[in-house]
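Student: The following file, final14.csv, comprises CSV, N, CA and C atoms:
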chain,number,residue,atom,x,y,z
D,1,PHE,N,36.0,189.5,-38.6
D,1,PHE,CA,37.0,189.3,-39.6
D,1,PHE,C,37.3,190.6,-40.3
D,2,TYR,N,36.4,191.5,-40.4
D,2,TYR,CA,36.6,192.7,-41.2
D,2,TYR,C,37.8,193.5,-40.8
D,3,ASN,N,38.1,193.6,-39.5
D,3,ASN,CA,39.1,194.4,-39.0
D,3,ASN,C,40.5,193.9,-39.3
D,4,THR,N,40.7,192.7,-39.8
D,4,THR,CA,42.0,192.1,-40.1
D,4,THR,C,42.7,193.0,-41.2
D,5,LEU,N,42.0,193.6,-42.0
D,5,LEU,CA,42.6,194.5,-43.1
D,5,LEU,C,43.0,195.8,-42.5
D,6,LEU,N,42.7,196.1,-41.3
D,6,LEU,CA,43.0,197.4,-40.7
D,6,LEU,C,44.2,197.3,-39.8
D,7,LYS,N,44.6,196.1,-39.4
D,7,LYS,CA,45.6,195.9,-38.4
D,7,LYS,C,47.0,195.8,-39.0
D,8,THR,N,48.0,196.2,-38.2
D,8,THR,CA,49.4,196.1,-38.6
D,8,THR,C,50.1,194.8,-38.2
D,9,HIS,N,49.4,194.0,-37.4
D,9,HIS,CA,49.9,192.7,-36.9
D,9,HIS,C,48.7,191.8,-36.8
D,10,LEU,N,48.9,190.6,-37.3
D,10,LEU,CA,47.8,189.6,-37.2
D,10,LEU,C,48.4,188.3,-36.5
D,11,ASP,N,47.7,187.8,-35.6
D,11,ASP,CA,48.0,186.5,-35.0
D,11,ASP,C,47.3,185.4,-35.7
D,12,VAL,N,47.7,184.2,-35.5
D,12,VAL,CA,47.0,183.0,-36.0
D,12,VAL,C,45.6,183.0,-35.4
D,13,ASN,N,44.6,182.8,-36.3
D,13,ASN,CA,43.2,182.7,-35.8
D,13,ASN,C,42.5,181.8,-36.8
D,14,LEU,N,42.6,180.5,-36.5
D,14,LEU,CA,42.1,179.5,-37.5
D,14,LEU,C,40.6,179.7,-37.8
D,15,PRO,N,39.7,180.0,-36.8
D,15,PRO,CA,38.3,180.2,-37.2
D,15,PRO,C,38.1,181.3,-38.2
D,16,GLN,N,39.0,182.3,-38.2
D,16,GLN,CA,38.8,183.4,-39.2
D,16,GLN,C,39.6,183.1,-40.4
D,17,GLY,N,40.3,182.0,-40.5
D,17,GLY,CA,41.1,181.6,-41.7
D,17,GLY,C,42.4,182.3,-41.8
D,18,LEU,N,43.0,182.7,-40.6
D,18,LEU,CA,44.3,183.3,-40.5
D,18,LEU,C,45.3,182.2,-40.1
D,19,PHE,N,46.0,181.6,-41.0
D,19,PHE,CA,46.8,180.4,-40.7
D,19,PHE,C,48.2,180.8,-40.3
D,20,PHE,N,48.6,182.0,-40.4
D,20,PHE,CA,50.0,182.4,-40.1
D,20,PHE,C,50.0,183.7,-39.4
D,21,GLU,N,51.0,183.9,-38.5
D,21,GLU,CA,51.2,185.2,-37.9
D,21,GLU,C,51.8,186.1,-39.0
D,22,GLN,N,51.4,187.4,-39.0
D,22,GLN,CA,51.9,188.3,-40.0
D,22,GLN,C,52.1,189.7,-39.4
D,23,ASP,N,53.3,190.2,-39.5
D,23,ASP,CA,53.6,191.5,-39.1
D,23,ASP,C,53.7,192.4,-40.4
D,24,TRP,N,52.8,193.2,-40.6
D,24,TRP,CA,52.7,194.0,-41.9
D,24,TRP,C,53.7,195.2,-41.8
D,25,ALA,N,54.2,195.5,-40.6
D,25,ALA,CA,55.2,196.6,-40.4
D,25,ALA,C,54.6,197.9,-41.0
D,26,ALA,N,55.4,198.5,-41.9
D,26,ALA,CA,55.0,199.8,-42.4
D,26,ALA,C,54.2,199.7,-43.7
D,27,LEU,N,53.8,198.5,-44.1
D,27,LEU,CA,53.0,198.4,-45.3
D,27,LEU,C,51.6,199.2,-45.1
D,28,ARG,N,51.1,199.8,-46.1
D,28,ARG,CA,49.9,200.5,-46.0
D,28,ARG,C,48.7,199.6,-45.7
D,29,LYS,N,47.8,200.1,-45.0
D,29,LYS,CA,46.6,199.4,-44.7
D,29,LYS,C,45.7,199.4,-45.9
D,30,VAL,N,44.7,198.5,-45.9
D,30,VAL,CA,43.8,198.4,-47.0
D,30,VAL,C,42.6,199.3,-46.7
D,31,THR,N,42.0,200.0,-47.6
D,31,THR,CA,40.8,200.8,-47.4
D,31,THR,C,39.6,199.9,-47.7
D,32,PRO,N,38.8,199.6,-46.7
D,32,PRO,CA,37.7,198.7,-47.0
D,32,PRO,C,36.6,199.5,-47.8
D,33,VAL,N,35.9,198.7,-48.6
D,33,VAL,CA,34.8,199.2,-49.4
D,33,VAL,C,33.5,198.4,-49.0
D,34,ALA,N,32.4,199.1,-48.7
D,34,ALA,CA,31.2,198.4,-48.4
D,34,ALA,C,30.3,198.7,-49.6
D,35,SER,N,29.7,197.7,-50.2
D,35,SER,CA,28.8,197.9,-51.3
D,35,SER,C,27.9,196.7,-51.4
D,36,GLY,N,26.7,197.0,-51.9
D,36,GLY,CA,25.7,195.9,-52.2
D,36,GLY,C,24.8,195.7,-51.0
D,37,GLY,N,23.6,196.3,-51.1
D,37,GLY,CA,22.6,196.0,-50.1
D,37,GLY,C,22.7,196.8,-48.8
D,38,ILE,N,23.6,197.9,-48.8
D,38,ILE,CA,23.8,198.7,-47.6
D,38,ILE,C,22.9,199.9,-47.7
D,39,HIS,N,22.5,200.4,-46.5
D,39,HIS,CA,21.6,201.6,-46.4
D,39,HIS,C,21.9,202.3,-45.1
D,40,CYS,N,21.4,203.5,-44.9
D,40,CYS,CA,21.7,204.4,-43.8
D,40,CYS,C,21.3,203.8,-42.5
D,41,GLY,N,20.4,202.9,-42.4
D,41,GLY,CA,20.0,202.3,-41.1
D,41,GLY,C,21.1,201.3,-40.6
D,42,GLN,N,22.0,201.0,-41.4
D,42,GLN,CA,23.1,200.1,-40.9
D,42,GLN,C,24.4,200.9,-40.6
D,43,MET,N,24.3,202.2,-40.6
D,43,MET,CA,25.5,203.0,-40.5
D,43,MET,C,26.4,202.7,-39.3
D,44,HIS,N,25.8,202.5,-38.1
D,44,HIS,CA,26.5,202.1,-36.9
D,44,HIS,C,27.3,200.8,-37.1
D,45,GLN,N,26.7,199.9,-37.8
D,45,GLN,CA,27.3,198.6,-38.0
D,45,GLN,C,28.4,198.7,-39.0
D,46,LEU,N,28.2,199.4,-40.1
D,46,LEU,CA,29.2,199.6,-41.1
D,46,LEU,C,30.5,200.3,-40.5
D,47,LEU,N,30.3,201.3,-39.7
D,47,LEU,CA,31.5,202.0,-39.1
D,47,LEU,C,32.1,201.1,-38.1
D,48,ASP,N,31.4,200.3,-37.4
D,48,ASP,CA,31.9,199.3,-36.4
D,48,ASP,C,32.8,198.3,-37.1
D,49,TYR,N,32.2,197.7,-38.2
D,49,TYR,CA,32.9,196.6,-38.9
D,49,TYR,C,34.1,197.1,-39.7
D,50,LEU,N,34.0,198.3,-40.3
D,50,LEU,CA,35.0,198.7,-41.3
D,50,LEU,C,35.8,199.9,-40.9
D,51,GLY,N,35.4,200.6,-39.8
D,51,GLY,CA,36.1,201.8,-39.5
D,51,GLY,C,35.6,203.0,-40.2
D,52,GLU,N,36.2,204.1,-39.9
D,52,GLU,CA,35.8,205.4,-40.5
D,52,GLU,C,36.6,205.7,-41.8
D,53,ASP,N,37.7,205.1,-42.0
D,53,ASP,CA,38.5,205.3,-43.2
D,53,ASP,C,38.0,204.2,-44.2
D,54,VAL,N,36.9,204.5,-44.8
D,54,VAL,CA,36.1,203.5,-45.6
D,54,VAL,C,35.5,204.1,-46.8
D,55,VAL,N,35.2,203.4,-47.8
D,55,VAL,CA,34.4,203.8,-49.0
D,55,VAL,C,33.0,203.2,-48.8
D,56,LEU,N,32.0,204.0,-48.7
D,56,LEU,CA,30.6,203.4,-48.6
D,56,LEU,C,29.9,203.7,-49.9
D,57,GLN,N,29.6,202.6,-50.6
D,57,GLN,CA,28.9,202.7,-51.9
D,57,GLN,C,27.5,202.4,-51.8
D,58,PHE,N,26.7,203.4,-51.4
D,58,PHE,CA,25.2,203.2,-51.2
D,58,PHE,C,24.5,203.3,-52.6
D,59,GLY,N,24.7,202.4,-53.4
D,59,GLY,CA,24.0,202.4,-54.7
D,59,GLY,C,22.5,202.5,-54.6
D,60,GLY,N,21.8,201.4,-54.4
D,60,GLY,CA,20.4,201.4,-54.2
D,60,GLY,C,19.9,202.1,-52.9
D,61,GLY,N,20.8,202.2,-51.9
D,61,GLY,CA,20.5,202.9,-50.7
D,61,GLY,C,20.5,204.4,-50.9
D,62,THR,N,20.9,204.8,-52.1
D,62,THR,CA,20.8,206.3,-52.4
D,62,THR,C,19.7,206.5,-53.5
D,63,ILE,N,19.9,205.8,-54.6
D,63,ILE,CA,19.0,206.0,-55.7
D,63,ILE,C,17.6,205.4,-55.6
D,64,GLY,N,17.5,204.4,-54.6
D,64,GLY,CA,16.2,203.8,-54.3
D,64,GLY,C,15.4,204.6,-53.3
D,65,HIS,N,15.8,205.7,-52.9
D,65,HIS,CA,15.0,206.5,-52.0
D,65,HIS,C,13.8,207.0,-52.7
D,66,PRO,N,12.6,206.9,-52.0
D,66,PRO,CA,11.3,207.2,-52.7
D,66,PRO,C,11.3,208.7,-53.1
D,67,ASP,N,12.0,209.6,-52.4
D,67,ASP,CA,12.0,211.0,-52.8
D,67,ASP,C,13.1,211.4,-53.7
D,68,GLY,N,13.9,210.4,-54.2
D,68,GLY,CA,14.9,210.8,-55.2
D,68,GLY,C,16.3,210.6,-54.7
D,69,ILE,N,17.2,210.8,-55.6
D,69,ILE,CA,18.7,210.6,-55.3
D,69,ILE,C,19.2,211.6,-54.3
D,70,GLN,N,18.8,212.8,-54.4
D,70,GLN,CA,19.3,213.8,-53.5
D,70,GLN,C,18.8,213.5,-52.0
D,71,ALA,N,17.6,213.1,-51.9
D,71,ALA,CA,17.1,212.7,-50.6
D,71,ALA,C,17.8,211.5,-50.0
D,72,GLY,N,18.1,210.5,-50.9
D,72,GLY,CA,18.9,209.3,-50.5
D,72,GLY,C,20.3,209.7,-50.0
D,73,ALA,N,20.9,210.6,-50.8
D,73,ALA,CA,22.3,211.0,-50.4
D,73,ALA,C,22.2,211.8,-49.1
D,74,THR,N,21.2,212.6,-48.9
D,74,THR,CA,21.1,213.4,-47.6
D,74,THR,C,20.9,212.4,-46.5
D,75,ALA,N,20.0,211.4,-46.6
D,75,ALA,CA,19.8,210.4,-45.6
D,75,ALA,C,21.1,209.7,-45.2
D,76,ASN,N,21.9,209.3,-46.1
D,76,ASN,CA,23.2,208.7,-45.8
D,76,ASN,C,24.1,209.6,-45.1
D,77,ARG,N,24.2,210.8,-45.6
D,77,ARG,CA,25.2,211.8,-45.0
D,77,ARG,C,24.8,212.1,-43.6
D,78,VAL,N,23.5,212.4,-43.3
D,78,VAL,CA,23.0,212.7,-42.0
D,78,VAL,C,23.3,211.5,-41.1
D,79,ALA,N,23.0,210.3,-41.5
D,79,ALA,CA,23.3,209.1,-40.7
D,79,ALA,C,24.7,209.0,-40.3
D,80,LEU,N,25.6,209.2,-41.3
D,80,LEU,CA,27.0,209.2,-41.0
D,80,LEU,C,27.5,210.2,-40.0
D,81,GLU,N,27.0,211.5,-40.2
D,81,GLU,CA,27.4,212.6,-39.3
D,81,GLU,C,26.8,212.4,-37.9
D,82,ALA,N,25.7,211.8,-37.8
D,82,ALA,CA,25.1,211.5,-36.5
D,82,ALA,C,25.9,210.5,-35.7
D,83,MET,N,26.5,209.5,-36.4
D,83,MET,CA,27.3,208.5,-35.8
D,83,MET,C,28.6,209.1,-35.4
D,84,VAL,N,29.2,209.9,-36.2
D,84,VAL,CA,30.5,210.5,-35.9
D,84,VAL,C,30.3,211.5,-34.7
D,85,LEU,N,29.3,212.3,-34.7
D,85,LEU,CA,29.0,213.2,-33.6
D,85,LEU,C,28.8,212.4,-32.3
D,86,ALA,N,28.1,211.3,-32.3
D,86,ALA,CA,27.9,210.5,-31.1
D,86,ALA,C,29.2,209.9,-30.6
D,87,ARG,N,30.0,209.5,-31.6
D,87,ARG,CA,31.4,209.0,-31.2
D,87,ARG,C,32.2,210.1,-30.5
D,88,ASN,N,32.2,211.2,-31.1
D,88,ASN,CA,32.9,212.4,-30.6
D,88,ASN,C,32.4,212.8,-29.2
D,89,GLU,N,31.2,212.6,-28.9
D,89,GLU,CA,30.6,212.9,-27.6
D,89,GLU,C,30.9,211.8,-26.6
D,90,GLY,N,31.6,210.7,-27.0
D,90,GLY,CA,31.9,209.7,-26.1
D,90,GLY,C,30.8,208.6,-26.0
D,91,ARG,N,29.9,208.6,-26.8
D,91,ARG,CA,28.8,207.7,-26.7
D,91,ARG,C,29.2,206.4,-27.4
D,92,ASP,N,28.5,205.3,-27.1
D,92,ASP,CA,28.7,204.0,-27.7
D,92,ASP,C,27.8,203.9,-28.9
D,93,TYR,N,28.3,204.4,-30.1
D,93,TYR,CA,27.4,204.5,-31.2
D,93,TYR,C,27.0,203.1,-31.8
D,94,VAL,N,27.7,202.1,-31.5
D,94,VAL,CA,27.3,200.7,-31.9
D,94,VAL,C,26.1,200.3,-31.2
D,95,ALA,N,26.1,200.4,-29.9
D,95,ALA,CA,25.0,199.9,-29.0
D,95,ALA,C,23.8,200.9,-29.2
D,96,GLU,N,24.1,202.2,-29.3
D,96,GLU,CA,23.0,203.2,-29.4
D,96,GLU,C,22.6,203.5,-30.8
D,97,GLY,N,23.2,202.8,-31.8
D,97,GLY,CA,23.0,203.2,-33.2
D,97,GLY,C,21.5,203.4,-33.6
D,98,PRO,N,20.7,202.5,-33.4
D,98,PRO,CA,19.3,202.7,-33.8
D,98,PRO,C,18.6,203.9,-33.2
D,99,GLN,N,18.9,204.2,-31.9
D,99,GLN,CA,18.3,205.4,-31.2
D,99,GLN,C,19.0,206.6,-31.8
D,100,ILE,N,20.3,206.6,-32.0
D,100,ILE,CA,20.9,207.8,-32.6
D,100,ILE,C,20.3,208.1,-34.0
D,101,LEU,N,20.1,207.1,-34.8
D,101,LEU,CA,19.4,207.3,-36.1
D,101,LEU,C,18.0,207.9,-35.9
D,102,LYS,N,17.3,207.3,-35.0
D,102,LYS,CA,15.9,207.7,-34.8
D,102,LYS,C,15.9,209.2,-34.4
D,103,ASP,N,16.8,209.6,-33.5
D,103,ASP,CA,16.8,211.0,-33.0
D,103,ASP,C,17.2,211.9,-34.2
D,104,ALA,N,18.2,211.5,-35.0
D,104,ALA,CA,18.6,212.3,-36.1
D,104,ALA,C,17.5,212.5,-37.2
D,105,ALA,N,16.7,211.4,-37.3
D,105,ALA,CA,15.6,211.4,-38.3
D,105,ALA,C,14.4,212.4,-37.9
D,106,LYS,N,14.4,212.8,-36.6
D,106,LYS,CA,13.4,213.7,-36.1
D,106,LYS,C,13.5,215.1,-36.8
D,107,THR,N,14.7,215.4,-37.3
D,107,THR,CA,14.9,216.7,-37.9
D,107,THR,C,15.4,216.5,-39.4
D,108,CYS,N,15.3,215.3,-39.9
D,108,CYS,CA,15.7,215.0,-41.3
D,108,CYS,C,14.7,214.1,-41.9
D,109,GLY,N,13.8,214.7,-42.6
D,109,GLY,CA,12.7,213.9,-43.3
D,109,GLY,C,13.3,212.8,-44.2
D,110,PRO,N,14.3,213.1,-45.1
D,110,PRO,CA,14.8,212.0,-45.9
D,110,PRO,C,15.4,210.8,-45.1
D,111,LEU,N,16.0,211.1,-44.0
D,111,LEU,CA,16.5,210.0,-43.2
D,111,LEU,C,15.3,209.2,-42.6
D,112,GLN,N,14.3,209.9,-42.1
D,112,GLN,CA,13.1,209.1,-41.6
D,112,GLN,C,12.5,208.3,-42.7
D,113,THR,N,12.3,208.8,-43.9
D,113,THR,CA,11.8,208.0,-45.0
D,113,THR,C,12.6,206.8,-45.3
D,114,ALA,N,13.9,207.0,-45.3
D,114,ALA,CA,14.8,205.9,-45.6
D,114,ALA,C,14.8,204.8,-44.5
D,115,LEU,N,14.8,205.2,-43.3
D,115,LEU,CA,14.7,204.3,-42.2
D,115,LEU,C,13.4,203.5,-42.2
D,116,ASP,N,12.3,204.1,-42.5
D,116,ASP,CA,11.1,203.5,-42.6
D,116,ASP,C,11.1,202.4,-43.8
D,117,LEU,N,11.7,202.8,-44.9
D,117,LEU,CA,11.7,202.0,-46.1
D,117,LEU,C,12.5,200.7,-45.9
D,118,TRP,N,13.7,200.9,-45.3
D,118,TRP,CA,14.7,199.8,-45.2
D,118,TRP,C,14.8,199.2,-43.8
D,119,LYS,N,13.8,199.4,-43.0
D,119,LYS,CA,13.9,199.0,-41.6
D,119,LYS,C,14.1,197.5,-41.4
D,120,ASN,N,13.6,196.7,-42.3
D,120,ASN,CA,13.7,195.2,-42.2
D,120,ASN,C,14.9,194.6,-42.9
D,121,ILE,N,15.8,195.4,-43.5
D,121,ILE,CA,16.9,194.9,-44.2
D,121,ILE,C,18.1,194.9,-43.2
D,122,THR,N,18.6,193.7,-42.9
D,122,THR,CA,19.7,193.6,-41.9
D,122,THR,C,20.9,192.8,-42.4
D,123,PHE,N,21.9,192.7,-41.5
D,123,PHE,CA,23.1,192.0,-41.8
D,123,PHE,C,23.0,190.5,-41.3
D,124,ASN,N,21.8,190.0,-41.0
D,124,ASN,CA,21.6,188.7,-40.4
D,124,ASN,C,21.6,187.6,-41.5
D,125,TYR,N,22.8,187.3,-41.9
D,125,TYR,CA,23.0,186.2,-42.9
D,125,TYR,C,23.4,184.9,-42.3
D,126,THR,N,23.0,183.8,-42.9
D,126,THR,CA,23.4,182.5,-42.4
D,126,THR,C,24.9,182.3,-42.7
D,127,SER,N,25.7,181.8,-41.8
D,127,SER,CA,27.1,181.5,-42.0
D,127,SER,C,27.3,180.5,-43.0
D,128,THR,N,28.3,180.6,-43.9
D,128,THR,CA,28.6,179.6,-44.9
D,128,THR,C,29.8,178.8,-44.4
D,129,ASP,N,30.2,179.0,-43.1
D,129,ASP,CA,31.3,178.3,-42.5
D,129,ASP,C,30.8,176.9,-42.1
D,130,THR,N,31.4,175.9,-42.7
D,130,THR,CA,30.9,174.5,-42.4
D,130,THR,C,31.8,173.8,-41.4
D,131,ALA,N,32.8,174.5,-40.9
D,131,ALA,CA,33.7,173.9,-39.9
D,131,ALA,C,33.0,173.9,-38.5
Mind turning the file's structure into structure tokens?
Tutor:
Amino acid sequence: FYNTLLKTHLDVNLPQGLFFEQDWAALRKVTPVASGGIHCGQMHQLLDYLGEDVVLQFGGGTIGHPDGIQAGATANRVALEAMVLARNEGRDYVAEGPQILKDAAKTCGPLQTALDLWKNITFNYTSTDTA
């Protein structure tokens, strides 16, 4: 569902709640914002769901880092740059995401600390769709 805000044309898709076809023509796309419970270990998923033209608000994922805010910001930035580099190399950063992060953490202590801290926080939420 996330990518519907990035497309210029939408087809009817009832399971996603899209009841009408819509051609957005030259209207500007929406810039997605991710916020609330996100952390560097989810970077590959965030970029997959929302694209690279996105605002990532890592509140607790930055200030909650055990080594302080600067370390949290460093972990997030290194995770993002590792995913972009992997994409530019032609790699499947979505499928390889955890390994890419693990490799990047070998040379970035703040990223390793963050991955260890938030390793069990996932996007696995129960659907609220009752249809």
Student: Between atom CA of Ala34 of chain D and atom CA of Gly61 of chain D, measure the distance and give it in Å to one decimal.
Tutor: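 Rounded to one decimal, the two atoms are 11.8 Å apart.
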Student: Determine the nearest neighbour of Ala79 of chain D from the options D:Gln42, D:Gln57, D:Thr8, D:Asn120, counting only C-alpha atoms.
Tutor: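 Result for the nearest residue to Ala79 of chain D: D:Gln42.
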Student: Tell me which of D:Leu18, D:Ala104, D:Ala114, D:Thr126 sits closest to Asp67 of chain D, counting only C-alpha atoms.
Tutor: D:Ala114
Student: Figure out the distance between atom N of Asp116 of chain D and atom N of Glu81 of chain D, please, to one decimal in Å.
Tutor: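 Interatomic distance, atom N of Glu81 of chain D to atom N of Asp116 of chain D: 16.6 Å.
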Student: Just list as number ranges by chain whatever in chain D DSSP marks as strand (DSSP E).
Tutor: D: 9-10, 22-23, 33-35, 55-57
Student: List every residue of chain D that DSSP, applied to the backbone of this structure, places in alpha helix (DSSP H), and write the result as a PyMOL selection string.
Tutor: chain D and resi 43-50+59-63+69-88+97-105+109-117
Student: Suppose you want the space between atom N of Asp11 of chain D and atom N of Asp23 of chain D; what is it in Å?
Tutor: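 Atom N of Asp11 of chain D sits 7.2 Å away from atom N of Asp23 of chain D.
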Student: Return the single residue from D:Gln70, D:Thr122, D:Asp129, D:Arg77 that is closest to Gly37 of chain D, with distances computed using only C-alpha atoms.
Tutor: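 Distance minimum relative to Gly37 of chain D lands on D:Thr122.
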Student: If you count only C-alpha atoms, which residues fall within 12 Å of Val94 of chain D, apart from same-chain ones fewer than 3 positions away, as a count of residues only?
Tutor: 22
Student: Find the residue from D:Phe58, D:Tyr93, D:Phe20, D:Trp118 that sits nearest to Asn76 of chain D; use only C-alpha atoms when measuring.
Tutor: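 Comparing D:Phe58, D:Tyr93, D:Phe20, D:Trp118 against Asn76 of chain D, the winner is D:Phe58.
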Student: Given all atoms listed in the file as the basis, pick out the residue of D:Pro66, D:His9, D:Ile121, D:Cys108 nearest to His39 of chain D.
Tutor: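 Smallest separation from His39 of chain D among the options: D:Ile121.
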Student: Counting only C-alpha atoms, figure out which residue out of D:Ala75, D:Leu5, D:Leu115, D:Ile69 gets nearest to Gln22 of chain D.
Tutor: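 Of all the options, D:Leu5 lies closest to Gln22 of chain D.
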Student: Which residues of segment 49-89 of chain D have any atom within 8 Å of an atom in segment 30-33 of chain D when counting only N, CA and C atoms, and what is the closest pair of atoms for each, with the distance in Å to one decimal? Order the rows by chain and rising number and write it as JSON lines.
Tutor:
{"residue": "D:Leu50", "atom": "CA", "partner": "D:Pro32", "partner_atom": "CA", "distance": 6.3}
{"residue": "D:Gly51", "atom": "N", "partner": "D:Pro32", "partner_atom": "N", "distance": 7.8}
{"residue": "D:Asp53", "atom": "C", "partner": "D:Pro32", "partner_atom": "N", "distance": 5.3}
{"residue": "D:Val54", "atom": "CA", "partner": "D:Pro32", "partner_atom": "C", "distance": 4.6}
{"residue": "D:Val55", "atom": "N", "partner": "D:Pro32", "partner_atom": "C", "distance": 4.1}
{"residue": "D:Leu56", "atom": "N", "partner": "D:Val33", "partner_atom": "CA", "distance": 5.6}
{"residue": "D:Gln57", "atom": "N", "partner": "D:Val33", "partner_atom": "C", "distance": 6.0}
